[in-house]
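S.K.: Sharing a structure here in structure tokens format.
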Amino acid sequence: MTTLLLGASQVVTCRGPARARRGAEMADIDVIDNGAIAVGDDGNILDVGRGGDMRAAFPSAEIEEVEGVLFPGFVDCHTHAVFGAPRVEDHERRARGVGYKEIAAAGGGILSSVRDVRAKSPSELEVLTRARLQMLLAQGSTTVEVKSGYGLSLDAELKQLDVIRALHHQRPNLIATFLGAHEVPAEYRDDRDGYVDLVVREMLPAVVQHGLARFCDVFCEPGVFTPGQSRTVLTAALEHGLRPKLHADELDGSGGAELAAELNAVSADHLAAISQAGIDALGNASDTVAVLLPGTMMFLGREGRAPARRLIDAGAAVALATDFNPGSSPGMSLPLMTTMGVSQLGLVPAEAVIGITVNGAAAVGEANRRGQLAKGFAADVVLASVADWRELPYWYGVNLVAGVWVGGAACHPSLKPLNSAS
Ligand SMILES: [Zn+2]
């Protein structure tokens with residue numbers, strides 16, 4: 001049965017090449033007034049066009065009336081959604097003037113989440129993660145990248161990745177990234193290279209053997225992993241068939257963006273402290289997406305801003321993500337990231353929308369299948385209760401998402417199932 005999503009004041013298609021949009025391409029989103037989307041029973045889009053034309057083209061389609069603006073499903077390409085308790089103490093400490101690195105040096109920060117994840121059972125983590133993924137979905141995220149990195153031992157890293165795999169057949173779509181090199185655990189503080197060795201010789205082969213991840217990420221930052229150690233891990237990942245991602249130049253620059261471009265990483269993330277050489281490298285990179293995480297700097301109360309405008313002017317592909325995690329960004333709203341993209345990073349609204357759709361999909365290797373409303377793409381669709389698409393980054397602090405479909409299946413509490421088969 002074909003279904004027509006009909007009645008939208010606008011359909012934002014983001015139609016175009018099935019790859020990241022770079023530089024000036026990011027401002028082109030293709031809006032159809034009074035548009036409609038035809039969805040086949042395989043969960044893919046049959047066509048997108050004006051409502052009247054689509055009714056004529058699909059006369060026997062079942063009609064699903066919608067009211068608002070339809071967008072491609074949002075792709076959150078950078079989260080750490082598998083964790084235990086929230087870190088409200090860290091939040092309060094920061095308000096009292098204690099810095100991120102001081103909290104980490106005192107054994108708080110990431111390492112407190114590591115102790116927590118190590119202590120929790122897989123089923124406890126699964127219950128917590130499932131609830132959080134439902135909240136992400138309710139904000140319009142139909143595809144979510146999730147990293148490990150709170151285990152930092154072979155067993156605990158595999159436990160986190162197993163939780164992601166266990167939730168894989170539910171919605172949203174999940175993409176797993178192995179981030180064993182997120183931090184050096186307490187037991188390796190005096191032997192940091194020894195920990196890199198453990199990641200490369202034991203964790204990576206096990207992750208690959210069990211087919212638990214598509215990407216491998218490293219936190220390349222002064223005081224965490226050096227560019228040399230990052231290169232060691234990511235080169236090994238490439239040899240194992242995992243494409244690199246990189247936490248790069250977040251708080252202090254260390255050449256992470258250049259390393260990501262050199263290794264043809266799928267993304268270089270954070271970049272608030274990127275150098276001009278890094279901007280040039282990402283501007284000239286063939287495939288590496290610059291993933292910006294403005295919620296993190298806001299939540300940490302830091303002044304730094306990733307130079308989004310300079311990146312785009314240099315020809316880079318920019319995506320926006322939440323960095324959803326318990327320490328530095330417990331936020332779940334990609335629409336809020338578009339507000340911050342416009343108001344704090346200087347993106348125009350169209351660039352911000354491309355940043356959470358096409359370019360988010362490219363940052364997780366899914367640009368050929370997701371991120372745009374076009375023939376043959378997965379019917380991952382978000383309905384926002386607005387009349388003009390530019391209201392998405394405009395209204396903030398409220399959830400405008402009134403409907404979500406993943407692979408054609410309605411998964412929002414307020415909607416009936418679209419295809420009874422799914
Ligand atoms: Zn992160």
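Simple scheme: letters A, B, ... for chains in structure tokens order, numbers from 1 for residues in each chain, numbers from 1 for ligands in the order shown.
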Enumerate as a list in words the residues within 7 Å of ligand 1, counting only C-alpha atoms and all ligand atoms.
M.R.: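 Counting only what the definition allows, namely only C-alpha atoms and all ligand atoms, the set is His78, Thr79, His80, His247 and Asp323 of chain A.
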S.K.: Output the selection as a PDB file, in the first residue's frame - N, CA and C atoms for each residue.
M.R.:
```pdb
ATOM      1  N   HIS A  78      26.472  12.615  16.538  1.00  0.00           N
ATOM      2  CA  HIS A  78      27.492  12.560  17.602  1.00  0.00           C
ATOM      3  C   HIS A  78      26.799  12.521  18.959  1.00  0.00           C
ATOM      4  N   THR A  79      26.677  11.309  19.530  1.00  0.00           N
ATOM      5  CA  THR A  79      26.152  11.190  20.901  1.00  0.00           C
ATOM      6  C   THR A  79      26.942  10.136  21.679  1.00  0.00           C
ATOM      7  N   HIS A  80      26.808  10.250  22.992  1.00  0.00           N
ATOM      8  CA  HIS A  80      27.364   9.253  23.922  1.00  0.00           C
ATOM      9  C   HIS A  80      26.179   8.786  24.777  1.00  0.00           C
ATOM     10  N   HIS A 247      37.363  13.314  17.744  1.00  0.00           N
ATOM     11  CA  HIS A 247      37.105  14.474  18.596  1.00  0.00           C
ATOM     12  C   HIS A 247      38.340  15.352  18.442  1.00  0.00           C
ATOM     13  N   ASP A 323      26.033  16.139  20.758  1.00  0.00           N
ATOM     14  CA  ASP A 323      27.073  15.644  21.676  1.00  0.00           C
ATOM     15  C   ASP A 323      26.421  15.098  22.954  1.00  0.00           C
TER      16      ASP A 323
END
```
S.K.: Pick out each residue of segment 344-374 of chain A that DSSP on the backbone tags as alpha helix (DSSP H); I need them as a ChimeraX atom specification.
M.R.: /A:349-356,358-362
S.K.: Write out, as a PDB file, in the first residue's frame, the residues just selected, with C-alpha atoms.
M.R.:
```pdb
ATOM      1  CA  PRO A 349      18.757  28.825   8.585  1.00  0.00           C
ATOM      2  CA  ALA A 350      19.135  26.704   5.429  1.00  0.00           C
ATOM      3  CA  GLU A 351      22.719  25.784   6.353  1.00  0.00           C
ATOM      4  CA  ALA A 352      21.563  24.804   9.844  1.00  0.00           C
ATOM      5  CA  VAL A 353      18.864  22.525   8.381  1.00  0.00           C
ATOM      6  CA  ILE A 354      21.379  20.889   6.007  1.00  0.00           C
ATOM      7  CA  GLY A 355      23.597  20.456   9.085  1.00  0.00           C
ATOM      8  CA  ILE A 356      21.085  18.186  10.852  1.00  0.00           C
ATOM      9  CA  VAL A 358      22.107  15.714   4.685  1.00  0.00           C
ATOM     10  CA  ASN A 359      25.402  16.553   6.365  1.00  0.00           C
ATOM     11  CA  GLY A 360      24.500  14.733   9.577  1.00  0.00           C
ATOM     12  CA  ALA A 361      23.797  11.671   7.439  1.00  0.00           C
ATOM     13  CA  ALA A 362      27.120  12.114   5.606  1.00  0.00           C
TER      14      ALA A 362
END
```
S.K.: At a cut-off of 12 Å, using only C-alpha atoms, what residues contact Gly43 of chain A? Leave out same-chain residues fewer than 5 positions from it and give the result as a PDB file with N, CA and C atoms, in the first residue's frame.
M.R.:
```pdb
ATOM      1  N   MET A   1       0.843  -1.205   0.000  1.00  0.00           N
ATOM      2  CA  MET A   1       0.000   0.000   0.000  1.00  0.00           C
ATOM      3  C   MET A   1       0.877   1.254   0.000  1.00  0.00           C
ATOM      4  N   THR A   2       0.577   2.163  -0.933  1.00  0.00           N
ATOM      5  CA  THR A   2       1.280   3.441  -0.965  1.00  0.00           C
ATOM      6  C   THR A   2       0.558   4.425  -0.052  1.00  0.00           C
ATOM      7  N   THR A   3       1.308   5.218   0.684  1.00  0.00           N
ATOM      8  CA  THR A   3       0.717   6.229   1.555  1.00  0.00           C
ATOM      9  C   THR A   3       1.184   7.609   1.106  1.00  0.00           C
ATOM     10  N   ILE A  37       4.412  13.743   0.148  1.00  0.00           N
ATOM     11  CA  ILE A  37       5.422  12.684   0.033  1.00  0.00           C
ATOM     12  C   ILE A  37       4.692  11.356  -0.149  1.00  0.00           C
ATOM     13  N   ALA A  38       5.063  10.609  -1.189  1.00  0.00           N
ATOM     14  CA  ALA A  38       4.498   9.265  -1.380  1.00  0.00           C
ATOM     15  C   ALA A  38       5.485   8.246  -0.825  1.00  0.00           C
ATOM     16  N   ARG A 369      21.354   7.230   1.623  1.00  0.00           N
ATOM     17  CA  ARG A 369      20.117   6.596   2.037  1.00  0.00           C
ATOM     18  C   ARG A 369      19.217   7.479   2.894  1.00  0.00           C
ATOM     19  N   ARG A 370      19.813   8.421   3.586  1.00  0.00           N
ATOM     20  CA  ARG A 370      19.049   9.246   4.536  1.00  0.00           C
ATOM     21  C   ARG A 370      19.458  10.718   4.410  1.00  0.00           C
ATOM     22  N   LYS A 375      13.185  10.572  -4.034  1.00  0.00           N
ATOM     23  CA  LYS A 375      12.879   9.235  -4.535  1.00  0.00           C
ATOM     24  C   LYS A 375      13.983   8.242  -4.174  1.00  0.00           C
ATOM     25  N   GLY A 376      13.596   7.096  -3.609  1.00  0.00           N
ATOM     26  CA  GLY A 376      14.561   6.042  -3.296  1.00  0.00           C
ATOM     27  C   GLY A 376      15.182   6.153  -1.913  1.00  0.00           C
ATOM     28  N   PHE A 377      15.032   7.316  -1.259  1.00  0.00           N
ATOM     29  CA  PHE A 377      15.592   7.465   0.087  1.00  0.00           C
ATOM     30  C   PHE A 377      14.640   6.873   1.115  1.00  0.00           C
ATOM     31  N   ALA A 378      15.170   6.479   2.264  1.00  0.00           N
ATOM     32  CA  ALA A 378      14.336   5.967   3.353  1.00  0.00           C
ATOM     33  C   ALA A 378      13.323   7.037   3.748  1.00  0.00           C
ATOM     34  N   ALA A 379      12.093   6.604   4.015  1.00  0.00           N
ATOM     35  CA  ALA A 379      11.049   7.557   4.413  1.00  0.00           C
ATOM     36  C   ALA A 379      11.186   7.885   5.897  1.00  0.00           C
ATOM     37  N   ASP A 380      12.285   8.557   6.233  1.00  0.00           N
ATOM     38  CA  ASP A 380      12.508   9.095   7.574  1.00  0.00           C
ATOM     39  C   ASP A 380      12.070  10.555   7.505  1.00  0.00           C
ATOM     40  N   VAL A 381      10.976  10.872   8.206  1.00  0.00           N
ATOM     41  CA  VAL A 381      10.323  12.171   8.023  1.00  0.00           C
ATOM     42  C   VAL A 381       9.952  12.760   9.379  1.00  0.00           C
ATOM     43  N   TRP A 405       8.327   9.710  11.360  1.00  0.00           N
ATOM     44  CA  TRP A 405       8.252   8.424  10.671  1.00  0.00           C
ATOM     45  C   TRP A 405       9.677   7.935  10.433  1.00  0.00           C
ATOM     46  N   VAL A 406       9.914   6.673  10.715  1.00  0.00           N
ATOM     47  CA  VAL A 406      11.223   6.075  10.430  1.00  0.00           C
ATOM     48  C   VAL A 406      10.981   4.911   9.478  1.00  0.00           C
ATOM     49  N   GLY A 407      11.607   4.957   8.312  1.00  0.00           N
ATOM     50  CA  GLY A 407      11.365   3.934   7.300  1.00  0.00           C
ATOM     51  C   GLY A 407       9.879   3.790   7.019  1.00  0.00           C
ATOM     52  N   GLY A 408       9.164   4.907   7.006  1.00  0.00           N
ATOM     53  CA  GLY A 408       7.740   4.909   6.687  1.00  0.00           C
ATOM     54  C   GLY A 408       6.833   4.562   7.852  1.00  0.00           C
ATOM     55  N   ALA A 409       7.382   4.106   8.952  1.00  0.00           N
ATOM     56  CA  ALA A 409       6.562   3.703  10.095  1.00  0.00           C
ATOM     57  C   ALA A 409       6.405   4.869  11.063  1.00  0.00           C
ATOM     58  N   ALA A 410       5.161   5.184  11.399  1.00  0.00           N
ATOM     59  CA  ALA A 410       4.921   6.266  12.356  1.00  0.00           C
ATOM     60  C   ALA A 410       5.422   5.850  13.722  1.00  0.00           C
ATOM     61  N   LEU A 418       1.565   4.197  10.180  1.00  0.00           N
ATOM     62  CA  LEU A 418       1.415   4.558   8.780  1.00  0.00           C
ATOM     63  C   LEU A 418       1.200   3.320   7.927  1.00  0.00           C
ATOM     64  N   ASN A 419       2.059   2.334   8.126  1.00  0.00           N
ATOM     65  CA  ASN A 419       1.924   1.066   7.409  1.00  0.00           C
ATOM     66  C   ASN A 419       1.643  -0.012   8.435  1.00  0.00           C
ATOM     67  N   SER A 420       0.529  -0.683   8.259  1.00  0.00           N
ATOM     68  CA  SER A 420       0.171  -1.662   9.293  1.00  0.00           C
ATOM     69  C   SER A 420       1.221  -2.768   9.391  1.00  0.00           C
ATOM     70  N   ALA A 421       1.911  -3.044   8.266  1.00  0.00           N
ATOM     71  CA  ALA A 421       2.937  -4.075   8.268  1.00  0.00           C
ATOM     72  C   ALA A 421       4.068  -3.740   9.224  1.00  0.00           C
ATOM     73  N   SER A 422       4.313  -2.463   9.405  1.00  0.00           N
ATOM     74  CA  SER A 422       5.429  -2.082  10.276  1.00  0.00           C
ATOM     75  C   SER A 422       4.844  -1.554  11.558  1.00  0.00           C
TER      76      SER A 422
END
```
S.K.: Hey, which of A:Ser148, A:Thr129, A:Gln344, A:Ser141 ends up closest to Arg309 of chain A? Count only C-alpha atoms.
M.R.: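 Among the listed residues, the smallest separation from Arg309 of chain A belongs to A:Gln344.
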S.K.: Can you tell me which residues surround Met203 of chain A at a distance of at most 10 Å, considering only C-alpha atoms, apart from same-chain residues fewer than 2 positions away, and format the answer as a list in words?
M.R.: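 That gives Leu152, Ser153, Leu154, Asp155, Glu157, Leu158, Phe178, Gly180, Val196, Asp197, Leu198, Val199, Val200, Arg201, Pro205, Ala206, Val207, Val208 and Gln209 of chain A.
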S.K.: Give me, as JSON, numbers by chain, all polymer residues having an atom no more than 12 Å from Gly365 of chain A, counting only C-alpha atoms and skipping those fewer than 2 positions away in the same chain.
M.R.: {"A": [18, 19, 20, 75, 77, 143, 145, 175, 176, 177, 214, 215, 242, 243, 244, 245, 265, 266, 267, 287, 288, 289, 358, 359, 360, 361, 362, 363, 367, 368, 369, 370, 371]}
S.K.: Restrict the selected residues to C-alpha atoms and save them as a PDB file, in the first residue's frame.
M.R.:
```pdb
ATOM      1  CA  ALA A  18      23.748  11.877  -2.213  1.00  0.00           C
ATOM      2  CA  ARG A  19      26.796  13.225  -0.408  1.00  0.00           C
ATOM      3  CA  ALA A  20      27.750  15.974   2.019  1.00  0.00           C
ATOM      4  CA  VAL A  75      20.394  12.763  12.018  1.00  0.00           C
ATOM      5  CA  CYS A  77      25.700  12.223  14.233  1.00  0.00           C
ATOM      6  CA  THR A 143      19.035   8.303  13.116  1.00  0.00           C
ATOM      7  CA  GLU A 145      25.125   7.757  16.205  1.00  0.00           C
ATOM      8  CA  ILE A 175      24.954   3.692  14.274  1.00  0.00           C
ATOM      9  CA  ALA A 176      27.651   2.433  16.617  1.00  0.00           C
ATOM     10  CA  THR A 177      31.095   3.967  17.038  1.00  0.00           C
ATOM     11  CA  ARG A 214      31.050   0.960  12.016  1.00  0.00           C
ATOM     12  CA  PHE A 215      33.412   3.735  13.072  1.00  0.00           C
ATOM     13  CA  LEU A 242      36.588   0.802  10.581  1.00  0.00           C
ATOM     14  CA  ARG A 243      36.514   4.323   9.227  1.00  0.00           C
ATOM     15  CA  PRO A 244      37.849   7.041  11.569  1.00  0.00           C
ATOM     16  CA  LYS A 245      36.022   9.818  13.351  1.00  0.00           C
ATOM     17  CA  ALA A 265      37.957  10.445   8.515  1.00  0.00           C
ATOM     18  CA  VAL A 266      34.202  10.480   8.046  1.00  0.00           C
ATOM     19  CA  SER A 267      34.068  13.439  10.441  1.00  0.00           C
ATOM     20  CA  ASP A 287      34.879  13.428   2.457  1.00  0.00           C
ATOM     21  CA  THR A 288      35.468  14.628   6.009  1.00  0.00           C
ATOM     22  CA  VAL A 289      32.484  16.453   7.555  1.00  0.00           C
ATOM     23  CA  VAL A 358      22.107  15.714   4.685  1.00  0.00           C
ATOM     24  CA  ASN A 359      25.402  16.553   6.365  1.00  0.00           C
ATOM     25  CA  GLY A 360      24.500  14.733   9.577  1.00  0.00           C
ATOM     26  CA  ALA A 361      23.797  11.671   7.439  1.00  0.00           C
ATOM     27  CA  ALA A 362      27.120  12.114   5.606  1.00  0.00           C
ATOM     28  CA  ALA A 363      28.942  12.272   8.946  1.00  0.00           C
ATOM     29  CA  ALA A 367      24.201  10.157   2.776  1.00  0.00           C
ATOM     30  CA  ASN A 368      23.181   7.693   0.070  1.00  0.00           C
ATOM     31  CA  ARG A 369      20.117   6.596   2.037  1.00  0.00           C
ATOM     32  CA  ARG A 370      19.049   9.246   4.536  1.00  0.00           C
ATOM     33  CA  GLY A 371      19.021  12.991   5.092  1.00  0.00           C
TER      34      GLY A 371
END
```
S.K.: A:Cys411, A:Asn325, A:Glu262, A:Tyr100: which is nearest Gln170 of chain A, counting only C-alpha atoms?
M.R.: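 Using only C-alpha atoms, the shortest distance to Gln170 of chain A belongs to A:Cys411.
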S.K.: Smallest atom-to-atom distance to Glu64 of chain A: which of A:His240, A:Asn44, A:Asn34, A:Gly7, using only C-alpha atoms?
M.R.: A:Gly7
